[in-house]
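Taking it in order: structure first as C-alpha cells, then the write-up.
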Amino acid sequence: MNGDEEYGSVHWQSATDLESSRTEQDSDPFASFQAQKPSVVNNGNGYDRNNDLTGDYDENTYNAKRAPDEYNYKDRGESSNDSVFVAQPMTVTVSEPQKESESSSGTYISYLITTHTSIPTFSSRSPCRVRRRYQDFVWLYTALTYEFSASIVPPLPEKHRIEYLKGDRFGSEFVERRRQSLQWFLDRIARHPLYQQSQSTRVFLESVNFKHDKQLQAIRDQSSGSVIETLSDTFLNAFTKVQKPEERFVEMKENVDKLADNLGTVERLYSRISKRQYDLAQDYNMFSTSIDGLSILETGIASELGQFAETSKKYAGAIKDMCEQEDLNFLNKVHEYLSYCQSAKGTLRVRDQKQVDFEELSNYLQHTVAEREKTLHPGRRLEGSGGVNITGFLADKVKEVRGVDMVQAKQEKLERLEQKIKELQEEVARSNDLSNMFSTQVMKEFQVFERAKAAELRNGLLDYTDCHIEFYKQGAKIWSDIIPVLEACEVPED
C-alpha cells in the first residue's frame, strides 16, 4: 500500500506550547513538571512507529507507538501486501438435511457438511464429513465475529424468516431454503483468507466431538482494562461523528448504500413479477378446468379437449416450478446479499468508532495537558484562551484563605495530572495504531466483499436465466406435444 492509502487523516491539535515564552526560574518548586510532549516525525502518514512518546512535538501530527500484539493480524497469515490477500483452495458443501431428535433439545434438522481443502491447519487432506445443526452455525458466526472484529463476517439466515414459513418449519421448502442459505454462508467463509484458516472454522468443519471441542475453543477476551475502559461511558460509545472522515471510507459507505438500494429495488420489482407469474399459473389451471368442462358437452372431441386441458395444466405447473426455482435461487440470494450489505455497513461503523475513539482520546489528552499548564501558571494568560485563567486563580485564593497548604496541594494535583497524561499518551498511541489496523483491514475486507459481490450477483443472474431457459424449453415441448393431437382431430359435420 502506498503512502496515500495509509490512514493519515486524523490529527489532533496539541496544547499550546508555552516553552518559548516561559522564563526558567531555578527557585520554582514545580520546575520538574514541564511538558513532556510526544515526538513527531511528520512522514505524511499520520504517525511514525519508530519514535518514542518523549521529546517535542508539533501541532499537526501525533506519533503513535506500535500497537500491542493482540492487534496484529500477521499471526493469522495476513500480509501487508494487499495483492496477496486471497484465499487458498477450499470447497464446502451443505447437503442431506435430515430430521433428528434429542431429549435435551427436542427435534431439529442437521446437515451434512463436506469439506475439501489442503490448508495446513486442517488435520486431514481427504474429504471431511460432519453433521451440524443451525445452532452450530450460530456458534461459528459468533466465534468469527469476536475473533475478527475488523472484518465483514457474513450473516446467517434468520432463524424464522417469515418468507420461509409456508407451513411446517420442518417442511421440504423451508429446509431447502435454509440449506441453500447456509451453503452461501460457508461459501463466503471458504473464500475468505482469514476465516478459512481460523481454528473456529477448523473445529466446526472437522471436529467429530464438536460439543466438547467448541468448549475448548475459547473466544479471545478483547477487554483492555485500560483508561479506554474507564472513559467508555463518557464518549467512546456515544453517537459522535468522525471529525475528519476519510474520503475512501465515505466512498465505500456510499457504494454499499447504493448497492443495497438497488438490490432492494430489484427485490421489490421481482416480488411483483413473481406474483403475476403465480397468478398466471393459477389462471392456466382455471383455463384447464374450463376446457375439461367443455369435453363433457362436446362428446365428439372429448378426448382431444381432455388432452388439451391436461396440456394447459402441465403448462401451469411449469410456470409454478419456474417461480419456485426463481424464488429459491434468485430472490433468496438477493435477500441474503442485502443482509451481507448490512454486515459491511456495520464494519464501517466500527471502523469509524475506532477513529472517533482516537480523536476523542486525543482531545481529552489535549485538555489534560492544558489543565496542567493552568495549574502550573494559574494567573498567566494562556495563548489561544482569550484571557488569564481567572477561575483557577480565584479557586487557589479561596483555598489559601482556608489555610490549605497550596504548595503541597499543587504538587499533588500536578502528580495526578502527570500520571493521567502518561496514561493518555499510551492510550492515544494504542488507539491510533488500532484505528490504523482497522482501516487497513477494512480496505482488505472490501476486496473480498467486491469479489464476492461480482461472483454472487453473476451466479444469481445466471440462475435466473437458466430458470427461464428451462421453462421455455419445457413450455415449447408441452405445447408441441399437443399439436399432432389437435391436427389429427376430426370435427364431425352436422
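Ordered as shown in the C-alpha cells, chains take letters A, B, and onward, while each chain numbers its residues from 1 and ligands are numbered from 1 in the order shown.
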**Request:** Would you list the contacts of Glu470 of chain A as a ChimeraX atom specification, taking every protein, DNA or RNA residue within 12 Å and counting only C-alpha atoms, but skipping same-chain residues closer than 5 positions in sequence?
**Result:** /A:318-319,321-323,325-326,462-465,475-477
Only N, CA, C and O atoms, please: the residues just picked out, written as a short mmCIF file (atom, residue, chain, number, x, y, z; two decimals), in the first residue's frame.
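Produced file again-v8.cif, reproduced below:
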```cif
data_model
loop_
_atom_site.label_atom_id
_atom_site.label_comp_id
_atom_site.auth_asym_id
_atom_site.auth_seq_id
_atom_site.Cartn_x
_atom_site.Cartn_y
_atom_site.Cartn_z
N ALA A 318 -45.54 -25.88 -15.00
CA ALA A 318 -44.21 -25.41 -15.41
C ALA A 318 -43.97 -23.98 -14.95
O ALA A 318 -42.87 -23.62 -14.51
N ILE A 319 -45.00 -23.14 -15.07
CA ILE A 319 -44.88 -21.75 -14.59
C ILE A 319 -44.61 -21.74 -13.09
O ILE A 319 -43.74 -21.01 -12.59
N ASP A 321 -43.31 -24.12 -11.21
CA ASP A 321 -41.96 -24.63 -10.93
C ASP A 321 -40.90 -23.56 -11.19
O ASP A 321 -39.94 -23.42 -10.43
N MET A 322 -41.08 -22.78 -12.28
CA MET A 322 -40.14 -21.72 -12.60
C MET A 322 -40.14 -20.67 -11.49
O MET A 322 -39.08 -20.21 -11.05
N CYS A 323 -41.33 -20.31 -11.01
CA CYS A 323 -41.42 -19.31 -9.95
C CYS A 323 -40.73 -19.80 -8.68
O CYS A 323 -40.02 -19.04 -8.01
N GLN A 325 -38.28 -22.00 -8.40
CA GLN A 325 -36.84 -22.01 -8.61
C GLN A 325 -36.25 -20.60 -8.58
O GLN A 325 -35.17 -20.37 -8.05
N GLU A 326 -36.97 -19.65 -9.15
CA GLU A 326 -36.51 -18.26 -9.11
C GLU A 326 -36.49 -17.74 -7.68
O GLU A 326 -35.54 -17.07 -7.27
N LEU A 462 -27.30 -15.75 -13.55
CA LEU A 462 -27.22 -16.98 -14.35
C LEU A 462 -28.31 -17.96 -13.93
O LEU A 462 -28.95 -18.61 -14.78
N ASP A 463 -28.54 -18.09 -12.62
CA ASP A 463 -29.61 -18.98 -12.14
C ASP A 463 -30.98 -18.49 -12.64
O ASP A 463 -31.82 -19.31 -13.05
N TYR A 464 -31.17 -17.17 -12.61
CA TYR A 464 -32.43 -16.61 -13.09
C TYR A 464 -32.61 -16.91 -14.58
O TYR A 464 -33.69 -17.32 -15.03
N THR A 465 -31.54 -16.73 -15.34
CA THR A 465 -31.60 -17.00 -16.78
C THR A 465 -31.85 -18.47 -17.06
O THR A 465 -32.67 -18.83 -17.92
N GLY A 475 -41.91 -25.47 -21.80
CA GLY A 475 -43.17 -24.99 -22.36
C GLY A 475 -43.30 -25.32 -23.83
O GLY A 475 -44.39 -25.71 -24.29
N ALA A 476 -42.21 -25.16 -24.59
CA ALA A 476 -42.26 -25.48 -26.02
C ALA A 476 -42.58 -26.95 -26.23
O ALA A 476 -43.36 -27.31 -27.14
N LYS A 477 -41.98 -27.82 -25.39
CA LYS A 477 -42.25 -29.25 -25.53
C LYS A 477 -43.69 -29.58 -25.16
O LYS A 477 -44.35 -30.40 -25.83
#
```
**Message:** Would you pick out the contacts of Ala488 of chain A at 12 Å or less, using only C-alpha atoms, so that residues sharing its chain but fewer than 5 positions from it are not included, and give the list as a PyMOL selection string?
**Reply:** chain A and resi 301+303-304+482-483
**Request:** Based on DSSP run over this structure's backbone, return all residues of segment 87-193 of chain A in strand (DSSP E or B), as JSON, numbers by chain.
**Result:** {"A": [90, 91, 92, 93, 94, 95, 96, 97, 98, 99, 100, 101, 102, 106, 107, 108, 109, 110, 111, 112, 113, 114, 115, 116, 117, 128, 129, 130, 131, 132, 133]}
Under the rule of at most 9 Å, produce a per-residue listing of segment 429-451 of chain A near segment 333-351 of chain A: chain, number, name, the closest pair of atoms, and the distance in Å, as a Markdown table, using only C-alpha atoms.
```
| residue | atom | partner | partner_atom | distance |
| --- | --- | --- | --- | --- |
| A:Ser435 | CA | A:Arg351 | CA | 7.0 |
| A:Phe438 | CA | A:Arg351 | CA | 5.9 |
| A:Ser439 | CA | A:Arg351 | CA | 6.5 |
| A:Val442 | CA | A:Leu348 | CA | 7.5 |
| A:Glu445 | CA | A:Ala344 | CA | 8.9 |
| A:Phe446 | CA | A:Ala344 | CA | 8.2 |
| A:Phe449 | CA | A:Ala344 | CA | 8.1 |
```
**Message:** Applying 9 Å and only C-alpha atoms, which residues near Ser126 of chain A remain after dropping the ones on its own chain fewer than 5 positions away? List them as a ChimeraX atom specification.
**Reply:** /A:115-118
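Counting from atom CA of Thr121 of chain A, the distance to atom CA of Phe210 of chain A is 16.7 Å.
Excluding Ser198 of chain A itself and any same-chain residue fewer than 4 positions from it, the protein and nucleic acid residues within 9 Å of it, counting only C-alpha atoms, are Arg76, Thr121, Leu144, Glu147, Leu194, Arg202 and Val203 of chain A.
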Same residues, C-alpha atoms, output as a short mmCIF file (atom, residue, chain, number, x, y, z; two decimals), in the first residue's frame:
```
data_model
loop_
_atom_site.label_atom_id
_atom_site.label_comp_id
_atom_site.auth_asym_id
_atom_site.auth_seq_id
_atom_site.Cartn_x
_atom_site.Cartn_y
_atom_site.Cartn_z
CA ARG A 76 -3.31 -15.23 11.18
CA THR A 121 -4.42 -26.10 9.79
CA LEU A 144 -15.63 -15.37 13.97
CA GLU A 147 -12.05 -13.22 16.56
CA LEU A 194 -8.65 -15.29 7.38
CA ARG A 202 -11.46 -25.93 11.60
CA VAL A 203 -13.32 -27.14 14.70
#
```
**Complete:** Of A:Phe85, A:Phe174, A:Phe330, A:Phe471, the one sitting nearest Asn459 of chain A when using only C-alpha atoms is A:Phe330
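Ranking A:Tyr195, A:Ser312, A:Asp327, A:Gly306 by their shortest atom-to-atom distance to Tyr270 of chain A, with only C-alpha atoms included, puts A:Asp327 first.
Among the candidate residues A:Ala260, A:Leu486, A:Ile291, A:Leu365, the one lying nearest to Glu310 of chain A is A:Ile291, with distances computed using only C-alpha atoms.
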**Asked** With only C-alpha atoms as the basis for distance, which of A:Leu414, A:Val130, A:Val266, A:Ala409 is at the shortest distance from Asn332 of chain A?
**Response** A:Val266
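Interatomic distance, atom CA of Ile152 of chain A to atom CA of His192 of chain A: 9.8 Å.
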**Request:** Find the distance between atom CA of Asn255 of chain A and atom CA of Tyr146 of chain A and write it in Å to one decimal.
**Result:** 26.1 Å
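Using only C-alpha atoms, the residues found no farther than 9 Å from Val94 of chain A, other than those of its own chain fewer than 6 positions away, are Tyr111, Leu112, Ile113, Thr114, Arg179, Gln180, Leu182, Gln183 and Leu186 of chain A.
Restricting the calculation to only C-alpha atoms, the smallest distance between Lys320 of chain A and any of A:Thr142, A:Gln277, A:Ser151, A:Thr107 is found for A:Gln277.
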**Asked** Between A:Asn262, A:Ser103, A:Thr440, A:Ser95, which is the closest to Phe249 of chain A once you count only C-alpha atoms?
**Response** A:Thr440
**Item:** DSSP alpha helix (DSSP H) residues within segment 135-368 of chain A, listed as a ChimeraX atom specification
**Value:** /A:135-147,172-190,199-206,210-216,227-231,247-297,302-326,332-368
**Message:** Could you list, as a VMD selection string, every residue within 12 Å of Asp279 of chain A, counting only C-alpha atoms and ignoring same-chain residues fewer than 5 positions away?
**Reply:** chain A and resid 272 to 274 284 to 286 316 to 317 319 to 320 323
Using C-alpha atoms, can you write the selected residues to a file as an mmCIF file, in the first residue's frame?
```cif
data_model
loop_
_atom_site.group_PDB
_atom_site.id
_atom_site.type_symbol
_atom_site.label_atom_id
_atom_site.label_comp_id
_atom_site.auth_asym_id
_atom_site.auth_seq_id
_atom_site.Cartn_x
_atom_site.Cartn_y
_atom_site.Cartn_z
ATOM 1 C CA ARG A 272 -44.315 -8.098 -8.179
ATOM 2 C CA ILE A 273 -43.226 -10.096 -11.232
ATOM 3 C CA SER A 274 -43.344 -13.318 -9.244
ATOM 4 C CA TYR A 284 -53.974 -21.533 -16.600
ATOM 5 C CA ASN A 285 -55.267 -24.014 -14.036
ATOM 6 C CA MET A 286 -58.702 -22.396 -14.200
ATOM 7 C CA ALA A 316 -49.443 -24.048 -15.307
ATOM 8 C CA GLY A 317 -47.250 -26.474 -13.370
ATOM 9 C CA ILE A 319 -44.876 -21.751 -14.588
ATOM 10 C CA LYS A 320 -45.196 -22.614 -10.882
ATOM 11 C CA CYS A 323 -41.416 -19.306 -9.946
#
```
